[in-house]
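One file, data-v5.tsv, carrying TSV, C-alpha atoms:
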```tsv
chain	number	residue	atom	x	y	z
A	1	MET	CA	-52.42	2.62	64.06
A	2	ASP	CA	-52.72	1.23	67.57
A	3	LYS	CA	-50.26	-1.56	68.40
A	4	LYS	CA	-52.94	-3.66	70.07
A	5	GLU	CA	-55.13	-3.39	67.01
A	6	ILE	CA	-52.29	-4.59	64.77
A	7	LEU	CA	-51.63	-7.61	67.00
A	8	SER	CA	-55.34	-8.36	67.11
A	9	LEU	CA	-55.52	-8.28	63.29
A	10	ASN	CA	-52.55	-10.65	63.17
A	11	LYS	CA	-54.44	-13.06	65.40
A	12	GLN	CA	-57.38	-12.93	62.99
A	13	GLY	CA	-55.08	-13.67	60.06
A	14	LYS	CA	-55.51	-10.17	58.64
A	15	ALA	CA	-52.04	-8.75	59.29
A	16	ASP	CA	-48.84	-10.20	57.86
A	17	LEU	CA	-46.03	-8.58	59.84
A	18	HIS	CA	-43.01	-10.18	58.23
A	19	ILE	CA	-42.31	-9.97	54.49
A	20	HIS	CA	-39.07	-9.45	52.56
A	21	SER	CA	-38.78	-7.51	49.33
A	22	CYS	CA	-36.14	-7.85	46.60
A	23	LEU	CA	-33.90	-5.64	48.77
A	24	SER	CA	-33.17	-8.59	51.06
A	25	PRO	CA	-30.26	-10.52	49.55
A	26	CYS	CA	-31.99	-13.84	50.17
A	27	ALA	CA	-35.33	-12.83	48.59
A	28	SER	CA	-36.30	-13.22	44.94
A	29	LEU	CA	-36.24	-10.23	42.62
A	30	ASP	CA	-39.96	-10.50	41.84
A	31	MET	CA	-40.68	-9.48	45.46
A	32	SER	CA	-41.15	-5.87	44.39
A	33	PRO	CA	-43.07	-3.50	46.66
A	34	ARG	CA	-45.85	-3.56	44.03
A	35	ASN	CA	-46.10	-7.35	44.04
A	36	ILE	CA	-46.12	-7.47	47.83
A	37	ALA	CA	-48.93	-4.90	48.02
A	38	LYS	CA	-50.88	-6.98	45.49
A	39	TYR	CA	-50.16	-10.13	47.48
A	40	GLY	CA	-51.61	-8.39	50.54
A	41	LYS	CA	-54.75	-7.35	48.71
A	42	GLU	CA	-55.30	-10.70	46.98
A	43	ASN	CA	-54.83	-12.68	50.18
A	44	GLY	CA	-57.23	-10.62	52.25
A	45	PHE	CA	-54.71	-8.87	54.49
A	46	ASP	CA	-55.79	-5.48	55.89
A	47	VAL	CA	-52.25	-4.78	57.08
A	48	VAL	CA	-48.87	-5.79	55.65
A	49	ALA	CA	-45.44	-4.92	57.06
A	50	LEU	CA	-42.35	-4.71	54.88
A	51	THR	CA	-39.43	-6.04	56.92
A	52	ASP	CA	-36.25	-6.40	54.89
A	53	HIS	CA	-33.03	-7.43	56.56
A	54	SER	CA	-31.68	-4.36	58.41
A	55	SER	CA	-33.00	-1.85	55.86
A	56	ALA	CA	-36.18	0.15	55.30
A	57	LYS	CA	-35.08	1.53	51.94
A	58	ASN	CA	-37.94	-0.04	49.97
A	59	CYS	CA	-40.57	1.30	52.36
A	60	PRO	CA	-41.30	4.57	50.50
A	61	ALA	CA	-42.24	2.67	47.32
A	62	PHE	CA	-44.15	0.16	49.45
A	63	LYS	CA	-46.26	2.94	50.98
A	64	TYR	CA	-47.20	4.20	47.51
A	65	GLU	CA	-48.12	0.71	46.26
A	66	CYS	CA	-50.17	-0.18	49.35
A	67	GLU	CA	-52.16	3.04	49.11
A	68	LYS	CA	-53.00	2.15	45.50
A	69	GLN	CA	-54.18	-1.31	46.61
A	70	GLY	CA	-56.07	-0.13	49.69
A	71	VAL	CA	-53.89	-2.11	52.08
A	72	THR	CA	-52.52	-0.50	55.27
A	73	PRO	CA	-48.72	-0.56	55.14
A	74	LEU	CA	-46.39	-0.88	58.10
A	75	PHE	CA	-42.71	-0.05	57.83
A	76	GLY	CA	-39.45	-1.07	59.39
A	77	MET	CA	-37.10	-3.97	59.14
A	78	GLU	CA	-35.95	-7.31	60.45
A	79	LEU	CA	-32.90	-6.18	62.37
A	80	THR	CA	-29.88	-8.48	62.77
A	81	THR	CA	-28.52	-7.52	66.19
A	82	LYS	CA	-24.91	-7.92	67.27
A	83	GLU	CA	-25.88	-11.30	68.76
A	84	GLU	CA	-26.89	-12.28	65.18
A	85	LEU	CA	-30.49	-12.72	66.15
A	86	HIS	CA	-33.41	-11.36	64.15
A	87	VAL	CA	-35.90	-8.87	65.57
A	88	LEU	CA	-38.86	-7.34	63.74
A	89	CYS	CA	-39.01	-3.56	64.27
A	90	ILE	CA	-42.27	-2.18	62.90
A	91	THR	CA	-44.03	1.21	62.88
A	92	ASP	CA	-46.84	2.81	60.90
A	93	ASP	CA	-44.84	6.03	60.52
A	94	LEU	CA	-42.69	6.00	57.38
A	95	ALA	CA	-40.60	8.99	58.46
A	96	LYS	CA	-39.71	7.29	61.74
A	97	ALA	CA	-38.82	4.09	59.91
A	98	MET	CA	-36.48	6.02	57.61
A	99	LEU	CA	-34.81	7.72	60.58
A	100	PHE	CA	-34.22	4.33	62.19
A	101	ASP	CA	-32.87	3.12	58.84
A	102	LYS	CA	-30.23	5.88	59.03
A	103	VAL	CA	-29.17	4.73	62.50
A	104	VAL	CA	-28.92	1.13	61.36
A	105	GLU	CA	-27.07	2.07	58.18
A	106	GLU	CA	-24.43	3.73	60.31
A	107	LYS	CA	-24.10	0.74	62.63
A	108	ILE	CA	-24.18	-2.22	60.24
A	109	LEU	CA	-20.92	-4.02	59.66
A	110	LYS	CA	-19.89	-2.95	56.15
A	111	ILE	CA	-19.06	-6.11	54.23
A	112	PRO	CA	-19.07	-5.24	50.50
A	113	ASN	CA	-21.94	-7.16	48.91
A	114	ASP	CA	-20.52	-9.84	46.62
A	115	LEU	CA	-23.34	-10.43	44.11
A	116	THR	CA	-22.12	-13.93	43.27
A	117	VAL	CA	-22.40	-14.97	46.91
A	118	PHE	CA	-25.35	-13.09	48.39
A	119	GLY	CA	-27.37	-11.77	45.42
A	120	GLU	CA	-28.70	-8.37	44.49
A	121	GLN	CA	-30.07	-5.76	46.95
A	122	PRO	CA	-32.04	-3.35	44.77
A	123	VAL	CA	-33.90	-0.29	46.06
A	124	VAL	CA	-36.82	0.54	43.77
A	125	ASN	CA	-38.95	3.64	43.26
A	126	GLU	CA	-42.66	4.07	42.67
A	127	LYS	CA	-42.23	3.19	38.99
A	128	GLU	CA	-40.52	-0.08	39.90
A	129	GLU	CA	-37.21	1.26	38.58
A	130	VAL	CA	-34.04	0.22	40.40
A	131	ILE	CA	-32.63	3.44	41.84
A	132	MET	CA	-29.66	1.93	43.67
A	133	GLN	CA	-28.08	-1.29	44.89
A	134	VAL	CA	-27.17	-1.27	48.57
A	135	PRO	CA	-23.39	-1.80	48.35
A	136	TYR	CA	-22.85	-3.56	51.68
A	137	TYR	CA	-24.27	-6.96	52.68
A	138	LEU	CA	-27.56	-6.48	54.53
A	139	GLY	CA	-27.32	-9.85	56.27
A	140	ALA	CA	-24.39	-8.70	58.39
A	141	ALA	CA	-24.80	-7.88	62.06
A	142	VAL	CA	-25.68	-4.38	63.22
A	143	ASP	CA	-23.67	-3.02	66.14
A	144	MET	CA	-26.72	-2.86	68.39
A	145	SER	CA	-27.58	-5.34	71.10
A	146	VAL	CA	-31.14	-6.62	71.38
A	147	ASP	CA	-31.31	-4.72	74.69
A	148	ASP	CA	-30.30	-1.49	72.94
A	149	ILE	CA	-33.17	-1.34	70.42
A	150	TRP	CA	-35.39	0.69	72.75
A	151	ASP	CA	-32.71	3.39	73.03
A	152	PHE	CA	-33.34	4.26	69.40
A	153	ILE	CA	-37.12	4.08	69.10
A	154	ASP	CA	-40.20	5.47	70.80
A	155	VAL	CA	-41.73	2.49	72.54
A	156	THR	CA	-45.27	3.77	71.96
A	157	GLU	CA	-44.85	3.81	68.19
A	158	TRP	CA	-42.97	0.61	67.45
A	159	LEU	CA	-43.72	-3.07	67.65
A	160	ILE	CA	-40.59	-4.97	68.68
A	161	ILE	CA	-40.98	-8.70	68.04
A	162	PRO	CA	-38.17	-11.26	68.05
A	163	SER	CA	-38.44	-13.31	64.83
A	164	HIS	CA	-39.02	-17.06	64.55
A	165	ILE	CA	-37.78	-17.68	68.09
A	166	ASN	CA	-38.08	-21.46	67.64
A	167	ARG	CA	-35.67	-21.53	64.70
A	168	LYS	CA	-32.23	-23.14	65.00
A	169	LYS	CA	-30.43	-20.16	63.51
A	170	TYR	CA	-30.63	-16.38	63.96
A	171	SER	CA	-33.25	-16.65	66.70
A	172	LEU	CA	-33.34	-15.42	70.26
A	173	ILE	CA	-33.25	-18.99	71.55
A	174	SER	CA	-30.61	-20.31	69.11
A	175	GLN	CA	-28.25	-17.40	69.85
A	176	LEU	CA	-28.83	-16.77	73.56
A	177	GLY	CA	-30.32	-20.02	74.76
A	178	PHE	CA	-33.00	-18.13	76.68
A	179	VAL	CA	-35.52	-15.34	76.27
A	180	PRO	CA	-34.27	-12.25	78.12
A	181	ASP	CA	-36.72	-10.19	80.13
A	182	LEU	CA	-37.30	-7.37	77.64
A	183	PRO	CA	-40.46	-5.44	76.75
A	184	PHE	CA	-41.23	-7.29	73.52
A	185	ASP	CA	-44.70	-6.63	72.12
A	186	ALA	CA	-45.00	-10.24	71.02
A	187	ILE	CA	-42.86	-13.18	69.92
A	188	GLU	CA	-42.95	-14.72	66.45
A	189	ILE	CA	-43.05	-18.48	66.06
A	190	SER	CA	-42.42	-20.33	62.78
A	191	LYS	CA	-44.94	-23.00	61.97
A	192	ASN	CA	-44.11	-26.33	60.38
A	193	ILE	CA	-40.42	-26.48	61.22
A	194	ASN	CA	-38.37	-28.94	63.17
A	195	GLY	CA	-37.60	-26.24	65.66
A	196	LEU	CA	-36.44	-25.52	69.17
A	197	GLN	CA	-38.62	-25.87	72.25
A	198	VAL	CA	-40.09	-22.60	73.48
A	199	PRO	CA	-40.47	-22.62	77.29
A	200	ASP	CA	-44.02	-22.45	78.62
A	201	ASP	CA	-43.34	-19.35	80.73
A	202	VAL	CA	-42.32	-17.51	77.55
A	203	LEU	CA	-45.47	-18.66	75.74
A	204	ASN	CA	-47.56	-17.49	78.69
A	205	LYS	CA	-45.82	-14.15	79.00
A	206	TYR	CA	-45.93	-12.89	75.42
A	207	GLN	CA	-48.53	-12.85	72.69
A	208	VAL	CA	-47.51	-15.15	69.85
A	209	VAL	CA	-47.65	-13.93	66.25
A	210	TYR	CA	-47.48	-16.03	63.11
A	211	ASN	CA	-46.38	-14.46	59.83
A	212	SER	CA	-45.44	-15.60	56.34
A	213	ASP	CA	-41.73	-14.54	56.45
A	214	ARG	CA	-42.22	-14.61	52.71
A	215	HIS	CA	-39.09	-14.30	50.53
A	216	PHE	CA	-40.57	-15.58	47.23
A	217	MET	CA	-43.76	-14.93	45.30
A	218	GLU	CA	-44.67	-18.58	44.81
B	1	MET	CA	-1.04	-28.36	56.13
B	2	LYS	CA	-3.48	-29.65	53.52
B	3	VAL	CA	-7.21	-29.96	54.15
B	4	SER	CA	-6.85	-33.73	53.80
B	5	ASP	CA	-4.39	-33.84	56.74
B	6	LEU	CA	-7.42	-33.47	59.01
B	7	LYS	CA	-8.55	-36.93	57.94
B	8	ASN	CA	-5.74	-38.34	60.08
B	9	ILE	CA	-7.20	-36.92	63.27
B	10	GLU	CA	-9.19	-39.57	65.09
B	11	GLU	CA	-11.60	-37.21	66.87
B	12	ILE	CA	-12.60	-35.41	63.67
B	13	LYS	CA	-14.89	-37.10	61.15
B	14	LEU	CA	-15.14	-36.12	57.50
B	15	VAL	CA	-18.81	-35.94	56.49
B	16	GLN	CA	-18.58	-34.06	53.18
B	17	ASP	CA	-15.65	-35.38	51.19
B	18	SER	CA	-15.89	-33.55	47.89
B	19	PHE	CA	-13.42	-30.70	48.33
B	20	ASP	CA	-10.40	-28.88	46.94
B	21	ASP	CA	-7.39	-30.21	48.82
B	22	VAL	CA	-5.66	-26.88	49.16
B	23	ASP	CA	-2.94	-25.68	51.51
B	24	VAL	CA	-4.31	-24.13	54.68
B	25	VAL	CA	-2.17	-21.58	56.47
B	26	ALA	CA	-4.56	-20.21	59.09
B	27	GLY	CA	-7.56	-21.05	61.19
B	28	TYR	CA	-10.42	-18.98	62.54
B	29	THR	CA	-12.70	-19.91	65.41
B	30	SER	CA	-16.00	-18.08	65.78
B	31	ASP	CA	-19.74	-18.64	65.97
B	32	LEU	CA	-20.70	-15.21	64.69
B	33	LEU	CA	-20.58	-15.19	60.92
B	34	SER	CA	-20.36	-11.39	60.82
B	35	ASP	CA	-17.20	-11.67	62.87
B	36	VAL	CA	-15.81	-14.30	60.51
B	37	MET	CA	-16.57	-12.11	57.49
B	38	ALA	CA	-14.94	-9.11	59.12
B	39	ASN	CA	-11.82	-10.71	60.57
B	40	ALA	CA	-10.88	-14.14	59.20
B	41	LEU	CA	-7.97	-14.45	56.80
B	42	ASN	CA	-8.84	-15.68	53.32
B	43	GLY	CA	-8.30	-19.40	52.95
B	44	SER	CA	-8.56	-20.16	56.68
B	45	ILE	CA	-10.08	-23.31	58.09
B	46	LEU	CA	-13.24	-22.38	59.98
B	47	ILE	CA	-14.00	-23.84	63.41
B	48	THR	CA	-17.58	-23.18	64.46
B	49	ILE	CA	-20.93	-24.59	65.57
B	50	GLN	CA	-22.88	-22.79	62.82
B	51	ALA	CA	-23.85	-25.63	60.48
B	52	HIS	CA	-26.16	-23.94	58.00
B	53	LYS	CA	-26.08	-22.68	54.44
B	54	ASN	CA	-24.99	-19.16	55.34
B	55	THR	CA	-21.79	-20.62	56.73
B	56	ILE	CA	-20.98	-21.89	53.23
B	57	ALA	CA	-21.75	-18.48	51.72
B	58	VAL	CA	-19.13	-17.02	54.06
B	59	CYS	CA	-16.69	-19.80	53.03
B	60	LYS	CA	-17.25	-18.86	49.40
B	61	LEU	CA	-16.70	-15.19	50.16
B	62	LEU	CA	-13.42	-15.89	51.98
B	63	ASP	CA	-12.22	-18.83	49.89
B	64	MET	CA	-12.36	-21.18	52.87
B	65	LYS	CA	-12.15	-24.85	51.91
B	66	ALA	CA	-12.76	-26.62	55.22
B	67	VAL	CA	-15.12	-26.26	58.18
B	68	ILE	CA	-14.99	-28.16	61.47
B	69	ILE	CA	-18.39	-28.34	63.16
B	70	CYS	CA	-17.93	-28.74	66.91
B	71	ASN	CA	-19.92	-30.29	69.76
B	72	ASP	CA	-21.36	-32.85	67.37
B	73	ARG	CA	-23.88	-30.35	66.06
B	74	GLU	CA	-26.41	-31.60	63.56
B	75	THR	CA	-25.59	-30.87	59.90
B	76	ASP	CA	-28.61	-30.22	57.67
B	77	GLU	CA	-28.88	-31.76	54.22
B	78	ASP	CA	-28.91	-28.36	52.52
B	79	PHE	CA	-25.78	-27.35	54.42
B	80	LEU	CA	-23.91	-30.43	53.18
B	81	ALA	CA	-25.27	-30.06	49.64
B	82	SER	CA	-24.17	-26.44	49.52
B	83	ALA	CA	-20.71	-27.40	50.85
B	84	LYS	CA	-20.41	-30.06	48.17
B	85	GLN	CA	-21.32	-27.58	45.47
B	86	GLU	CA	-18.66	-25.16	46.68
B	87	ASN	CA	-16.07	-27.92	47.30
B	88	VAL	CA	-15.81	-27.18	50.99
B	89	ALA	CA	-14.83	-30.11	53.22
B	90	ILE	CA	-17.06	-30.56	56.26
B	91	PHE	CA	-15.73	-32.23	59.37
B	92	VAL	CA	-17.75	-32.96	62.49
B	93	THR	CA	-16.30	-33.53	65.94
B	94	GLU	CA	-17.46	-34.10	69.51
B	95	LEU	CA	-14.72	-31.71	70.59
B	96	ASN	CA	-15.56	-28.14	71.50
B	97	GLN	CA	-14.21	-25.13	69.61
B	98	TYR	CA	-11.26	-24.69	71.96
B	99	GLN	CA	-10.19	-28.31	71.71
B	100	ALA	CA	-10.61	-28.41	67.94
B	101	SER	CA	-8.64	-25.17	67.56
B	102	ASN	CA	-5.79	-26.67	69.59
B	103	ILE	CA	-5.57	-29.65	67.26
B	104	VAL	CA	-5.63	-27.50	64.14
B	105	GLY	CA	-2.98	-25.30	65.78
B	106	THR	CA	-0.61	-28.24	66.07
B	107	LEU	CA	-1.00	-29.01	62.35
B	108	LEU	CA	-0.50	-25.51	60.98
```
Please go through the file and, once you have read it, give me the structure as structure tokens.
Amino acid sequence: MDKKEILSLNKQGKADLHIHSCLSPCASLDMSPRNIAKYGKENGFDVVALTDHSSAKNCPAFKYECEKQGVTPLFGMELTTKEELHVLCITDDLAKAMLFDKVVEEKILKIPNDLTVFGEQPVVNEKEEVIMQVPYYLGAAVDMSVDDIWDFIDVTEWLIIPSHINRKKYSLISQLGFVPDLPFDAIEISKNINGLQVPDDVLNKYQVVYNSDRHFME
Amino acid sequence: MKVSDLKNIEEIKLVQDSFDDVDVVAGYTSDLLSDVMANALNGSILITIQAHKNTIAVCKLLDMKAVIICNDRETDEDFLASAKQENVAIFVTELNQYQASNIVGTLL
């Protein structure tokens, strides 16, 4: 699917490019790939991207569920870079997403996931059965700078969008204090928060996307 | 030193006072929580500008019972509530991380 078309659908409110499944330690367990695909269908989205924290491991089940619902799935993750800022990395090619997942898995700081602190990180299959728990904490930083992302992906096939850049934590502006000159496809802004000021030149330079950043069903 | 010894420092203000007054034998200064998780000693006092709930999750993971928030950074309600629940003392100071670390260093 063409990147421009995806961004255009987002503008029309028909593409949600930022959703977490149960795999993200901070998301609720009812955020199964099936429930997210249904959420997409019921809320009139043509396109939905599954973007768990630094993992694409629920994307295969998500593809299956979206095809059943007639929603176009996008795959990838919300990467936590070494600067501890969040970047959406999204493609329509599941195989490419899973290859990138391997790279990230190798580079993430391996802090054993303490369930009492961070919560579960289940990977589910097409029958909604838990097939594994990711043993290391997915909120930890990945040893990859924001500048390095393009070394690992084909720029024509991926949307690279810094997340919620007006947020006071884990955002490009909170962590760096400025928006570096990088070939982002768009920038994501969070609505309805007491956030940071985004400079006008940044708003003029990049397309702005708004997404749900949904972690819970309700 | 005990956590409560920090109350005697004029430049450091206690803003969350429900905590376990344990012995502290080390400090760790960092603004990257991944770095704290990877390298701080258990039971350290944490000196940082990261005043959000994830900071408290890291405190819980590493059994840290005190955090000094530097540069007078704003502390959200949910950060303080989470600290209270985990019995982590929260101090706020106008000092920067270097200055606050120096003071803690003299007490350890």
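Atom pair CA of Asp76 (chain B) / CA of Ala89 (chain B) has a distance of 14.5 Å (rounded to one decimal).
Atom to atom, CA of Val92 (chain B) and CA of Gly119 (chain A) stand 28.9 Å apart.
Nearest-residue note for Ala38 (chain B): choosing from A:Ile108, A:Leu182, A:Val202, A:Val134, the minimum distance belongs to A:Ile108, counting only C-alpha atoms.
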Tell me as a PyMOL selection string which residues belonging to chain A come within 10 Å of chain B, counting only C-alpha atoms. chain A and resi 82-84+108-111+113-114+116-118+139-142+168-169+175
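Residue neighbourhood of Gly105 (chain B), excluding near-sequence residues (fewer than 3 positions): Met1, Leu6, Val24, Val25, Ala26, Gly27, Tyr28, Thr29, Ser44, Ile45, Ile47, Gln97, Tyr98, Gln99, Ala100, Ser101, Asn102 and Leu108 of chain B, at 12 Å, using all atoms listed in the file.
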Just write the chosen residues, C-alpha atoms, as a JSON list (two decimals), keeping the file's coordinate frame.
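Writing the result to selection-v3.json gives the following:
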```json
[["chain", "number", "residue", "atom", "x", "y", "z"],
["B", 1, "MET", "CA", -1.04, -28.36, 56.13],
["B", 6, "LEU", "CA", -7.42, -33.47, 59.01],
["B", 24, "VAL", "CA", -4.31, -24.13, 54.68],
["B", 25, "VAL", "CA", -2.17, -21.58, 56.47],
["B", 26, "ALA", "CA", -4.56, -20.21, 59.09],
["B", 27, "GLY", "CA", -7.56, -21.05, 61.19],
["B", 28, "TYR", "CA", -10.42, -18.98, 62.54],
["B", 29, "THR", "CA", -12.70, -19.91, 65.41],
["B", 44, "SER", "CA", -8.56, -20.16, 56.68],
["B", 45, "ILE", "CA", -10.08, -23.31, 58.09],
["B", 47, "ILE", "CA", -14.00, -23.84, 63.41],
["B", 97, "GLN", "CA", -14.21, -25.13, 69.61],
["B", 98, "TYR", "CA", -11.26, -24.69, 71.96],
["B", 99, "GLN", "CA", -10.19, -28.31, 71.71],
["B", 100, "ALA", "CA", -10.61, -28.41, 67.94],
["B", 101, "SER", "CA", -8.64, -25.17, 67.56],
["B", 102, "ASN", "CA", -5.79, -26.67, 69.59],
["B", 108, "LEU", "CA", -0.50, -25.51, 60.98]]
```
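Once only C-alpha atoms are considered, the residues situated within 9 Å of the file point (-46.0, -2.4, 57.4) turn out to be Ala15, Asp16, Leu17, His18, Ile19, Val47, Val48, Ala49, Leu50, Thr51, Cys59, Phe62, Lys63, Thr72, Pro73, Leu74, Phe75, Gly76, Ile90, Thr91 and Asp92 of chain A.
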Contact residues around Pro122 (chain A) with all atoms listed in the file at 7 Å, ignoring same-chain residues under 3 positions, as a PyMOL selection string: chain A and resi 22-23+130+132-134
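Between Lys96 (chain A) and the candidates A:Trp158, A:Asn166, A:Ala61, A:Glu67, the tightest atom-to-atom separation, counting only C-alpha atoms, involves A:Trp158.
With distances taken from (-41.9, 7.7, 53.6) and restricted to all atoms listed in the file, the residues inside 6 Å are A:Pro60, A:Leu94, A:Ala95.
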Given only C-alpha atoms as the basis, pick out the residue of B:Ile90, B:Asp5, B:Thr55, B:Leu62 nearest to Asn42 (chain B). B:Leu62
Quick one: axis-aligned box around all listed atoms of region 76-82 of chain A, 5 Å on every side, centre and edge lengths in Å to one decimal, written as JSON.
```
{"center_x": -32.2, "center_y": -4.8, "center_z": 63.2, "size_x": 24.5, "size_y": 17.4, "size_z": 18.1}
```
Report, in Å with one decimal, the straight-line distance from CA of Lys3 (chain A) to CA of Gln207 (chain A). 12.2 Å
Please list as a list of chain:residue names every residue within 7 Å of Lys14 (chain A), counting all atoms listed in the file and excluding residues in the same chain fewer than 3 positions away. A:Leu9, A:Asn10, A:Gly44, A:Phe45, A:Asp46, A:Val47
Just the residues within 12 Å of Glu129 (chain A), please, counting all atoms listed in the file, with nothing from its chain fewer than 4 positions along; format it as a count of residues only. 10
Can you pull out the residues contacting His215 (chain A)? Cut-off 9 Å, using all atoms listed in the file, and skip same-chain residues under 5 positions away; I want them as a PyMOL selection string. chain A and resi 19-22+24+26-28+31
